[in-house]
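K.L.:
This is entry.txt (compact mmCIF, N, CA and C atoms).
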# COMPACT_ATOMS: atom_id res chain seq x y z
N MET A 1 -39.52 -25.87 -31.45
CA MET A 1 -40.71 -25.43 -30.75
C MET A 1 -40.41 -24.11 -30.05
N ALA A 2 -41.39 -23.32 -29.90
CA ALA A 2 -41.23 -22.02 -29.27
C ALA A 2 -40.75 -22.17 -27.84
N GLN A 3 -39.84 -21.30 -27.45
CA GLN A 3 -39.32 -21.35 -26.09
C GLN A 3 -40.36 -20.91 -25.08
N ALA A 4 -41.13 -19.89 -25.42
CA ALA A 4 -42.09 -19.37 -24.46
C ALA A 4 -43.25 -18.70 -25.19
N LEU A 5 -44.42 -18.83 -24.61
CA LEU A 5 -45.61 -18.16 -25.13
C LEU A 5 -46.20 -17.32 -24.01
N GLN A 6 -46.43 -16.06 -24.32
CA GLN A 6 -47.08 -15.16 -23.38
C GLN A 6 -48.29 -14.57 -24.07
N VAL A 7 -49.45 -14.67 -23.43
CA VAL A 7 -50.69 -14.11 -23.99
C VAL A 7 -51.18 -13.04 -23.03
N THR A 8 -51.44 -11.85 -23.57
CA THR A 8 -51.92 -10.72 -22.79
C THR A 8 -53.30 -10.32 -23.32
N PHE A 9 -54.20 -10.01 -22.40
CA PHE A 9 -55.56 -9.60 -22.77
C PHE A 9 -55.78 -8.15 -22.36
N HIS A 10 -56.39 -7.37 -23.26
CA HIS A 10 -56.75 -5.97 -22.97
C HIS A 10 -58.22 -5.77 -23.33
N GLY A 11 -58.99 -5.25 -22.41
CA GLY A 11 -60.39 -4.96 -22.67
C GLY A 11 -61.26 -6.20 -22.76
N ILE A 12 -60.72 -7.32 -22.36
CA ILE A 12 -61.42 -8.60 -22.42
C ILE A 12 -60.90 -9.47 -21.28
N ASN A 13 -61.78 -10.28 -20.72
CA ASN A 13 -61.35 -11.20 -19.67
C ASN A 13 -60.46 -12.29 -20.25
N ARG A 14 -59.55 -12.80 -19.44
CA ARG A 14 -58.69 -13.91 -19.85
C ARG A 14 -59.56 -15.08 -20.28
N SER A 15 -59.17 -15.73 -21.36
CA SER A 15 -59.92 -16.86 -21.89
C SER A 15 -58.98 -18.04 -22.14
N GLU A 16 -59.26 -19.15 -21.44
CA GLU A 16 -58.45 -20.35 -21.64
C GLU A 16 -58.61 -20.88 -23.06
N ALA A 17 -59.80 -20.75 -23.65
CA ALA A 17 -60.03 -21.23 -25.01
C ALA A 17 -59.18 -20.44 -26.01
N VAL A 18 -59.10 -19.14 -25.82
CA VAL A 18 -58.28 -18.30 -26.70
C VAL A 18 -56.81 -18.65 -26.53
N GLU A 19 -56.35 -18.80 -25.28
CA GLU A 19 -54.96 -19.17 -25.03
C GLU A 19 -54.64 -20.53 -25.66
N ALA A 20 -55.56 -21.48 -25.53
CA ALA A 20 -55.34 -22.81 -26.10
C ALA A 20 -55.28 -22.76 -27.62
N ALA A 21 -56.13 -21.96 -28.25
CA ALA A 21 -56.13 -21.83 -29.71
C ALA A 21 -54.80 -21.24 -30.19
N ILE A 22 -54.32 -20.23 -29.50
CA ILE A 22 -53.04 -19.62 -29.86
C ILE A 22 -51.90 -20.62 -29.67
N ALA A 23 -51.91 -21.35 -28.57
CA ALA A 23 -50.87 -22.35 -28.31
C ALA A 23 -50.87 -23.45 -29.38
N ARG A 24 -52.07 -23.90 -29.79
CA ARG A 24 -52.17 -24.92 -30.85
C ARG A 24 -51.59 -24.41 -32.17
N GLU A 25 -51.98 -23.19 -32.52
CA GLU A 25 -51.49 -22.61 -33.77
C GLU A 25 -49.97 -22.43 -33.74
N LEU A 26 -49.44 -21.99 -32.60
CA LEU A 26 -48.01 -21.81 -32.45
C LEU A 26 -47.28 -23.15 -32.57
N ALA A 27 -47.82 -24.18 -31.94
CA ALA A 27 -47.21 -25.51 -32.01
C ALA A 27 -47.16 -26.00 -33.46
N ALA A 28 -48.20 -25.71 -34.23
CA ALA A 28 -48.25 -26.13 -35.63
C ALA A 28 -47.16 -25.44 -36.46
N LEU A 29 -46.76 -24.24 -36.07
CA LEU A 29 -45.69 -23.55 -36.79
C LEU A 29 -44.35 -24.26 -36.63
N GLY A 30 -44.22 -25.04 -35.57
CA GLY A 30 -42.98 -25.75 -35.28
C GLY A 30 -42.56 -26.71 -36.38
N LYS A 31 -43.49 -27.17 -37.20
CA LYS A 31 -43.11 -28.09 -38.27
C LYS A 31 -42.39 -27.37 -39.42
N PHE A 32 -42.49 -26.06 -39.47
CA PHE A 32 -41.81 -25.28 -40.51
C PHE A 32 -40.48 -24.73 -40.03
N ASP A 33 -40.37 -24.49 -38.73
CA ASP A 33 -39.14 -23.95 -38.14
C ASP A 33 -39.01 -24.53 -36.74
N HIS A 34 -38.03 -25.41 -36.56
CA HIS A 34 -37.86 -26.09 -35.27
C HIS A 34 -37.17 -25.23 -34.23
N ASN A 35 -36.74 -24.04 -34.61
CA ASN A 35 -36.03 -23.15 -33.69
C ASN A 35 -36.78 -21.84 -33.47
N LEU A 36 -38.09 -21.92 -33.36
CA LEU A 36 -38.86 -20.70 -33.10
C LEU A 36 -38.45 -20.13 -31.75
N GLY A 37 -38.42 -18.81 -31.70
CA GLY A 37 -38.08 -18.13 -30.46
C GLY A 37 -39.34 -17.79 -29.68
N PRO A 38 -39.19 -16.90 -28.71
CA PRO A 38 -40.33 -16.51 -27.88
C PRO A 38 -41.46 -15.91 -28.70
N CYS A 39 -42.68 -16.08 -28.21
CA CYS A 39 -43.87 -15.57 -28.88
C CYS A 39 -44.71 -14.79 -27.87
N HIS A 40 -45.16 -13.62 -28.27
CA HIS A 40 -46.06 -12.83 -27.44
C HIS A 40 -47.31 -12.50 -28.24
N ALA A 41 -48.45 -12.84 -27.70
CA ALA A 41 -49.72 -12.55 -28.35
C ALA A 41 -50.52 -11.59 -27.48
N THR A 42 -51.11 -10.59 -28.10
CA THR A 42 -51.98 -9.65 -27.41
C THR A 42 -53.36 -9.72 -28.04
N VAL A 43 -54.37 -9.92 -27.20
CA VAL A 43 -55.75 -9.97 -27.66
C VAL A 43 -56.46 -8.77 -27.04
N THR A 44 -56.97 -7.90 -27.91
CA THR A 44 -57.60 -6.67 -27.46
C THR A 44 -59.02 -6.60 -28.01
N GLN A 45 -59.95 -6.18 -27.18
CA GLN A 45 -61.29 -5.92 -27.67
C GLN A 45 -61.58 -4.45 -27.49
N GLU A 46 -61.93 -3.82 -28.59
CA GLU A 46 -62.25 -2.39 -28.57
C GLU A 46 -63.70 -2.21 -28.12
N GLY A 47 -63.98 -1.13 -27.46
CA GLY A 47 -65.35 -0.85 -27.04
C GLY A 47 -65.78 -1.69 -25.86
N HIS A 48 -67.08 -1.88 -25.75
CA HIS A 48 -67.68 -2.64 -24.65
C HIS A 48 -67.32 -4.11 -24.78
N GLN A 49 -67.23 -4.81 -23.64
CA GLN A 49 -66.77 -6.20 -23.65
C GLN A 49 -67.63 -7.14 -24.47
N THR A 50 -68.89 -6.89 -24.62
CA THR A 50 -69.73 -7.81 -25.39
C THR A 50 -69.89 -7.35 -26.84
N MET A 51 -69.30 -6.22 -27.16
CA MET A 51 -69.40 -5.69 -28.52
C MET A 51 -68.03 -5.17 -28.91
N GLY A 52 -67.85 -4.94 -30.17
CA GLY A 52 -66.58 -4.40 -30.63
C GLY A 52 -65.70 -5.47 -31.23
N GLU A 53 -64.80 -5.02 -32.07
CA GLU A 53 -63.92 -5.94 -32.77
C GLU A 53 -62.75 -6.37 -31.89
N PHE A 54 -62.21 -7.53 -32.23
CA PHE A 54 -61.04 -8.07 -31.56
C PHE A 54 -59.83 -7.84 -32.44
N THR A 55 -58.75 -7.43 -31.83
CA THR A 55 -57.48 -7.33 -32.53
C THR A 55 -56.52 -8.32 -31.89
N VAL A 56 -55.96 -9.18 -32.71
CA VAL A 56 -54.97 -10.15 -32.25
C VAL A 56 -53.65 -9.76 -32.89
N ARG A 57 -52.63 -9.56 -32.05
CA ARG A 57 -51.30 -9.17 -32.51
C ARG A 57 -50.32 -10.19 -31.97
N VAL A 58 -49.52 -10.77 -32.85
CA VAL A 58 -48.55 -11.78 -32.44
C VAL A 58 -47.16 -11.34 -32.88
N THR A 59 -46.22 -11.39 -31.95
CA THR A 59 -44.82 -11.13 -32.22
C THR A 59 -44.07 -12.44 -31.98
N LEU A 60 -43.31 -12.86 -32.97
CA LEU A 60 -42.65 -14.16 -32.93
C LEU A 60 -41.26 -14.04 -33.55
N VAL A 61 -40.29 -14.71 -32.96
CA VAL A 61 -38.96 -14.77 -33.54
C VAL A 61 -38.85 -16.08 -34.32
N ALA A 62 -38.60 -15.96 -35.63
CA ALA A 62 -38.45 -17.14 -36.49
C ALA A 62 -37.28 -16.91 -37.44
N SER A 63 -36.42 -17.88 -37.53
CA SER A 63 -35.24 -17.80 -38.40
C SER A 63 -34.44 -16.54 -38.12
N GLY A 64 -34.37 -16.15 -36.86
CA GLY A 64 -33.59 -14.99 -36.45
C GLY A 64 -34.23 -13.64 -36.74
N LYS A 65 -35.48 -13.65 -37.21
CA LYS A 65 -36.15 -12.39 -37.53
C LYS A 65 -37.39 -12.23 -36.66
N ASP A 66 -37.67 -10.98 -36.31
CA ASP A 66 -38.90 -10.68 -35.59
C ASP A 66 -40.03 -10.57 -36.58
N LEU A 67 -41.06 -11.38 -36.38
CA LEU A 67 -42.26 -11.32 -37.21
C LEU A 67 -43.38 -10.74 -36.37
N VAL A 68 -44.09 -9.76 -36.90
CA VAL A 68 -45.21 -9.14 -36.20
C VAL A 68 -46.40 -9.12 -37.15
N VAL A 69 -47.49 -9.75 -36.70
CA VAL A 69 -48.70 -9.79 -37.52
C VAL A 69 -49.88 -9.42 -36.63
N SER A 70 -50.77 -8.60 -37.18
CA SER A 70 -51.96 -8.16 -36.44
C SER A 70 -53.16 -8.25 -37.36
N ARG A 71 -54.27 -8.74 -36.82
CA ARG A 71 -55.52 -8.80 -37.58
C ARG A 71 -56.67 -8.41 -36.67
N THR A 72 -57.69 -7.79 -37.25
CA THR A 72 -58.88 -7.38 -36.51
C THR A 72 -60.10 -8.04 -37.14
N HIS A 73 -60.97 -8.55 -36.29
CA HIS A 73 -62.17 -9.23 -36.78
C HIS A 73 -63.23 -9.20 -35.67
N ASN A 74 -64.49 -9.36 -36.05
CA ASN A 74 -65.57 -9.43 -35.05
C ASN A 74 -65.52 -10.71 -34.23
N ASP A 75 -64.91 -11.76 -34.77
CA ASP A 75 -64.79 -13.06 -34.11
C ASP A 75 -63.33 -13.27 -33.73
N VAL A 76 -63.07 -13.42 -32.43
CA VAL A 76 -61.69 -13.54 -31.96
C VAL A 76 -61.00 -14.75 -32.56
N MET A 77 -61.70 -15.87 -32.73
CA MET A 77 -61.08 -17.07 -33.29
C MET A 77 -60.72 -16.86 -34.76
N GLN A 78 -61.55 -16.11 -35.48
CA GLN A 78 -61.23 -15.81 -36.88
C GLN A 78 -60.00 -14.91 -36.95
N ALA A 79 -59.89 -13.97 -36.05
CA ALA A 79 -58.70 -13.10 -36.01
C ALA A 79 -57.45 -13.93 -35.74
N ILE A 80 -57.55 -14.89 -34.82
CA ILE A 80 -56.42 -15.78 -34.52
C ILE A 80 -56.05 -16.58 -35.77
N ASN A 81 -57.05 -17.15 -36.44
CA ASN A 81 -56.79 -17.94 -37.64
C ASN A 81 -56.09 -17.10 -38.72
N GLU A 82 -56.55 -15.87 -38.91
CA GLU A 82 -55.96 -15.01 -39.93
C GLU A 82 -54.52 -14.63 -39.59
N VAL A 83 -54.26 -14.35 -38.32
CA VAL A 83 -52.89 -14.03 -37.89
C VAL A 83 -51.97 -15.21 -38.17
N PHE A 84 -52.38 -16.39 -37.76
CA PHE A 84 -51.49 -17.53 -37.91
C PHE A 84 -51.38 -18.03 -39.35
N GLU A 85 -52.38 -17.76 -40.17
CA GLU A 85 -52.26 -18.07 -41.59
C GLU A 85 -51.14 -17.24 -42.21
N THR A 86 -51.11 -15.97 -41.87
CA THR A 86 -50.06 -15.08 -42.35
C THR A 86 -48.70 -15.49 -41.78
N LEU A 87 -48.66 -15.78 -40.48
CA LEU A 87 -47.41 -16.21 -39.86
C LEU A 87 -46.88 -17.50 -40.48
N ARG A 88 -47.78 -18.41 -40.80
CA ARG A 88 -47.37 -19.68 -41.43
C ARG A 88 -46.62 -19.40 -42.74
N ARG A 89 -47.18 -18.52 -43.56
CA ARG A 89 -46.51 -18.17 -44.81
C ARG A 89 -45.15 -17.52 -44.54
N ASN A 90 -45.11 -16.60 -43.59
CA ASN A 90 -43.87 -15.89 -43.28
C ASN A 90 -42.80 -16.83 -42.73
N VAL A 91 -43.19 -17.74 -41.83
CA VAL A 91 -42.24 -18.68 -41.24
C VAL A 91 -41.72 -19.64 -42.30
N LYS A 92 -42.61 -20.13 -43.17
CA LYS A 92 -42.19 -21.03 -44.24
C LYS A 92 -41.21 -20.32 -45.18
N ASP A 93 -41.53 -19.10 -45.57
CA ASP A 93 -40.65 -18.33 -46.47
C ASP A 93 -39.27 -18.09 -45.83
N ALA A 94 -39.26 -17.70 -44.57
CA ALA A 94 -38.00 -17.44 -43.87
C ALA A 94 -37.17 -18.70 -43.76
N ALA A 95 -37.80 -19.83 -43.45
CA ALA A 95 -37.08 -21.10 -43.32
C ALA A 95 -36.51 -21.53 -44.67
N GLU A 96 -37.27 -21.35 -45.74
CA GLU A 96 -36.80 -21.72 -47.08
C GLU A 96 -35.62 -20.85 -47.50
N LYS A 97 -35.66 -19.58 -47.18
CA LYS A 97 -34.54 -18.70 -47.53
C LYS A 97 -33.27 -19.13 -46.81
N LEU A 98 -33.40 -19.53 -45.54
CA LEU A 98 -32.23 -19.99 -44.79
C LEU A 98 -31.65 -21.27 -45.39
N ARG A 99 -32.52 -22.12 -45.94
CA ARG A 99 -32.06 -23.37 -46.56
C ARG A 99 -31.58 -23.15 -47.99
N GLY A 100 -31.74 -21.94 -48.50
CA GLY A 100 -31.28 -21.61 -49.84
C GLY A 100 -32.20 -22.05 -50.95
N HIS A 101 -33.49 -22.16 -50.67
CA HIS A 101 -34.47 -22.54 -51.69
C HIS A 101 -35.16 -21.34 -52.27
The structure in this file should be written as structure tokens.

P.N.:
Amino acid sequence: MAQALQVTFHGINRSEAVEAAIARELAALGKFDHNLGPCHATVTQEGHQTMGEFTVRVTLVASGKDLVVSRTHNDVMQAINEVFETLRRNVKDAAEKLRGH
């Protein structure tokens, strides 16, 4: 399981729902790599707070490597889903390489 999760918001108010979604997605990655390192997520909204796209950027240490994934979408939850879908593939691939598969 990840040692620490830090979520930073830029151009948008802090959201417990967004933090909870990121924490859930991060916890789900634990089944692929039980030694995940620290994770930092940045949620940014460009433009005015009620308009503009959201960019979600996640930096995570998995299998000794720094993984950085960023996605932009009009819906913050969709951006989170897309980031973690990519991270899931990357974490699985890195774990399999370490196991020699």

K.L.:
Got a sec to tell me which of chain A DSSP assigns to alpha helix (DSSP H), as JSON, numbers by chain?

P.N.:
{"A": [16, 17, 18, 19, 20, 21, 22, 23, 24, 25, 26, 27, 28, 29, 76, 77, 78, 79, 80, 81, 82, 83, 84, 85, 86, 87, 88, 89, 90, 91, 92, 93, 94, 95, 96, 97, 98, 99]}

K.L.:
For a cutoff of 8 Å around the file-coordinate point (-58.1, -14.6, -23.2), which residues qualify once you count all atoms listed in the file? I'd like the result as a list in words.

P.N.:
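Selection result: Val7, Thr8, Phe9, His10, Ile12, Asn13, Arg14, Ser15, Glu16, Ala17, Val18, Glu19, Ala20 and Val43 of chain A.
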
K.L.:
A:Thr72, A:Asn35, A:Thr86, A:Asn81: which is nearest Ala23 of chain A, counting only C-alpha atoms?

P.N.:
A:Asn81

K.L.:
Just how far from atom CA of Val69 of chain A is atom CA of Ala27 of chain A, in Å to one decimal?

P.N.:
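About the pair atom CA of Ala27 of chain A and atom CA of Val69 of chain A: they are 16.7 Å apart.
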
K.L.:
Taking only C-alpha atoms into account, name the residue in A:Val58, A:Ala94, A:Leu87, A:Val76 that is nearest to Leu29 of chain A.

P.N.:
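Nearest candidate to Leu29 of chain A out of A:Val58, A:Ala94, A:Leu87, A:Val76: A:Leu87.
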
K.L.:
Can you measure atom CA of Phe54 of chain A to atom C of Asp66 of chain A for me? One decimal in Å is fine.

P.N.:
21.7 Å

K.L.:
Just how far from atom C of Arg71 of chain A is atom N of Gly30 of chain A, in Å to one decimal?

P.N.:
20.8 Å

K.L.:
Which residue out of A:Leu5, A:Phe32, A:Thr42, A:Ile22 has the minimum interatomic distance to Lys92 of chain A when only N, CA and C atoms are used?

P.N.:
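Among the listed residues, A:Phe32 lies closest to Lys92 of chain A.
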
K.L.:
Would you pick out the contacts of Gly11 of chain A at 6.5 Å or less, using all atoms listed in the file, so that residues sharing its chain but fewer than 4 positions from it are not included, and give the list as a PyMOL selection string?

P.N.:
chain A and resi 43-46+49

K.L.:
Please identify the strand (DSSP E) residues within chain A (assignment by DSSP from backbone atoms) and present them as a PyMOL selection string.

P.N.:
chain A and resi 5-10+39-45+54-62+65-73

K.L.:
Counting only N, CA and C atoms, select every polymer residue within 7 Å of (-66.8, -8.6, -36.8) as defined in the file's coordinates, and provide the selection as a ChimeraX atom specification.

P.N.:
/A:52-54,72-75

K.L.:
Report, as lines of an AutoDock Vina configuration file, the centre and edge lengths in Å (one decimal) of the axis-aligned box enclosing every listed atom of segment 49-68 of chain A, padded by 6 Å on each side.

P.N.:
center_x = -51.7
center_y = -11.1
center_z = -31.0
size_x = 48.3
size_y = 25.5
size_z = 26.8

K.L.:
Would you mind putting all heavy atoms back on segment 79-90 of chain A and writing the result as a compact mmCIF listing (two decimals), in the coordinates of the input?

P.N.:
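The result, written out as selection-v2.txt:
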# COMPACT_ATOMS: atom_id res chain seq x y z
N ALA A 79 -59.89 -13.97 -36.05
CA ALA A 79 -58.70 -13.10 -36.01
C ALA A 79 -57.45 -13.93 -35.74
O ALA A 79 -56.41 -13.72 -36.38
CB ALA A 79 -58.87 -12.01 -34.96
N ILE A 80 -57.55 -14.89 -34.82
CA ILE A 80 -56.42 -15.78 -34.52
C ILE A 80 -56.05 -16.58 -35.77
O ILE A 80 -54.87 -16.67 -36.14
CB ILE A 80 -56.75 -16.71 -33.34
CG1 ILE A 80 -56.84 -15.90 -32.05
CG2 ILE A 80 -55.71 -17.83 -33.22
CD1 ILE A 80 -57.44 -16.68 -30.87
N ASN A 81 -57.05 -17.15 -36.44
CA ASN A 81 -56.79 -17.94 -37.64
C ASN A 81 -56.09 -17.10 -38.72
O ASN A 81 -55.16 -17.57 -39.37
CB ASN A 81 -58.08 -18.53 -38.20
CG ASN A 81 -58.65 -19.61 -37.32
OD1 ASN A 81 -57.96 -20.21 -36.51
ND2 ASN A 81 -59.94 -19.86 -37.46
N GLU A 82 -56.55 -15.87 -38.91
CA GLU A 82 -55.96 -15.01 -39.93
C GLU A 82 -54.52 -14.63 -39.59
O GLU A 82 -53.65 -14.62 -40.47
CB GLU A 82 -56.81 -13.76 -40.12
CG GLU A 82 -58.14 -14.04 -40.79
CD GLU A 82 -59.04 -12.82 -40.89
OE1 GLU A 82 -58.61 -11.70 -40.58
OE2 GLU A 82 -60.22 -13.01 -41.31
N VAL A 83 -54.26 -14.35 -38.32
CA VAL A 83 -52.89 -14.03 -37.89
C VAL A 83 -51.97 -15.21 -38.17
O VAL A 83 -50.88 -15.04 -38.76
CB VAL A 83 -52.85 -13.65 -36.39
CG1 VAL A 83 -51.44 -13.71 -35.85
CG2 VAL A 83 -53.42 -12.26 -36.17
N PHE A 84 -52.38 -16.39 -37.76
CA PHE A 84 -51.49 -17.53 -37.91
C PHE A 84 -51.38 -18.03 -39.35
O PHE A 84 -50.37 -18.62 -39.73
CB PHE A 84 -51.87 -18.65 -36.93
CG PHE A 84 -51.32 -18.38 -35.55
CD1 PHE A 84 -52.10 -17.75 -34.60
CD2 PHE A 84 -50.02 -18.70 -35.23
CE1 PHE A 84 -51.60 -17.47 -33.34
CE2 PHE A 84 -49.49 -18.41 -33.98
CZ PHE A 84 -50.28 -17.81 -33.03
N GLU A 85 -52.38 -17.76 -40.17
CA GLU A 85 -52.26 -18.07 -41.59
C GLU A 85 -51.14 -17.24 -42.21
O GLU A 85 -50.31 -17.74 -42.97
CB GLU A 85 -53.59 -17.80 -42.31
CG GLU A 85 -53.58 -18.14 -43.78
CD GLU A 85 -54.93 -17.90 -44.42
OE1 GLU A 85 -55.96 -18.27 -43.81
OE2 GLU A 85 -54.95 -17.31 -45.52
N THR A 86 -51.11 -15.97 -41.87
CA THR A 86 -50.06 -15.08 -42.35
C THR A 86 -48.70 -15.49 -41.78
O THR A 86 -47.70 -15.55 -42.50
CB THR A 86 -50.38 -13.61 -42.01
OG1 THR A 86 -51.62 -13.27 -42.61
CG2 THR A 86 -49.29 -12.68 -42.49
N LEU A 87 -48.66 -15.78 -40.48
CA LEU A 87 -47.41 -16.21 -39.86
C LEU A 87 -46.88 -17.50 -40.48
O LEU A 87 -45.67 -17.65 -40.67
CB LEU A 87 -47.58 -16.40 -38.35
CG LEU A 87 -47.54 -15.13 -37.51
CD1 LEU A 87 -47.93 -15.43 -36.07
CD2 LEU A 87 -46.17 -14.49 -37.57
N ARG A 88 -47.78 -18.41 -40.80
CA ARG A 88 -47.37 -19.68 -41.43
C ARG A 88 -46.62 -19.40 -42.74
O ARG A 88 -45.55 -19.97 -42.98
CB ARG A 88 -48.61 -20.55 -41.69
CG ARG A 88 -48.40 -22.00 -41.49
CD ARG A 88 -49.65 -22.86 -41.58
NE ARG A 88 -50.96 -22.23 -41.57
CZ ARG A 88 -51.67 -21.93 -40.48
NH1 ARG A 88 -51.18 -22.19 -39.28
NH2 ARG A 88 -52.86 -21.38 -40.58
N ARG A 89 -47.18 -18.52 -43.56
CA ARG A 89 -46.51 -18.17 -44.81
C ARG A 89 -45.15 -17.52 -44.54
O ARG A 89 -44.16 -17.84 -45.20
CB ARG A 89 -47.38 -17.22 -45.65
CG ARG A 89 -48.55 -17.91 -46.32
CD ARG A 89 -49.21 -17.01 -47.36
NE ARG A 89 -49.58 -15.70 -46.86
CZ ARG A 89 -50.76 -15.38 -46.33
NH1 ARG A 89 -51.70 -16.29 -46.23
NH2 ARG A 89 -51.00 -14.15 -45.92
N ASN A 90 -45.11 -16.60 -43.59
CA ASN A 90 -43.87 -15.89 -43.28
C ASN A 90 -42.80 -16.83 -42.73
O ASN A 90 -41.63 -16.73 -43.09
CB ASN A 90 -44.13 -14.76 -42.28
CG ASN A 90 -44.94 -13.63 -42.86
OD1 ASN A 90 -45.06 -13.50 -44.08
ND2 ASN A 90 -45.52 -12.82 -42.00
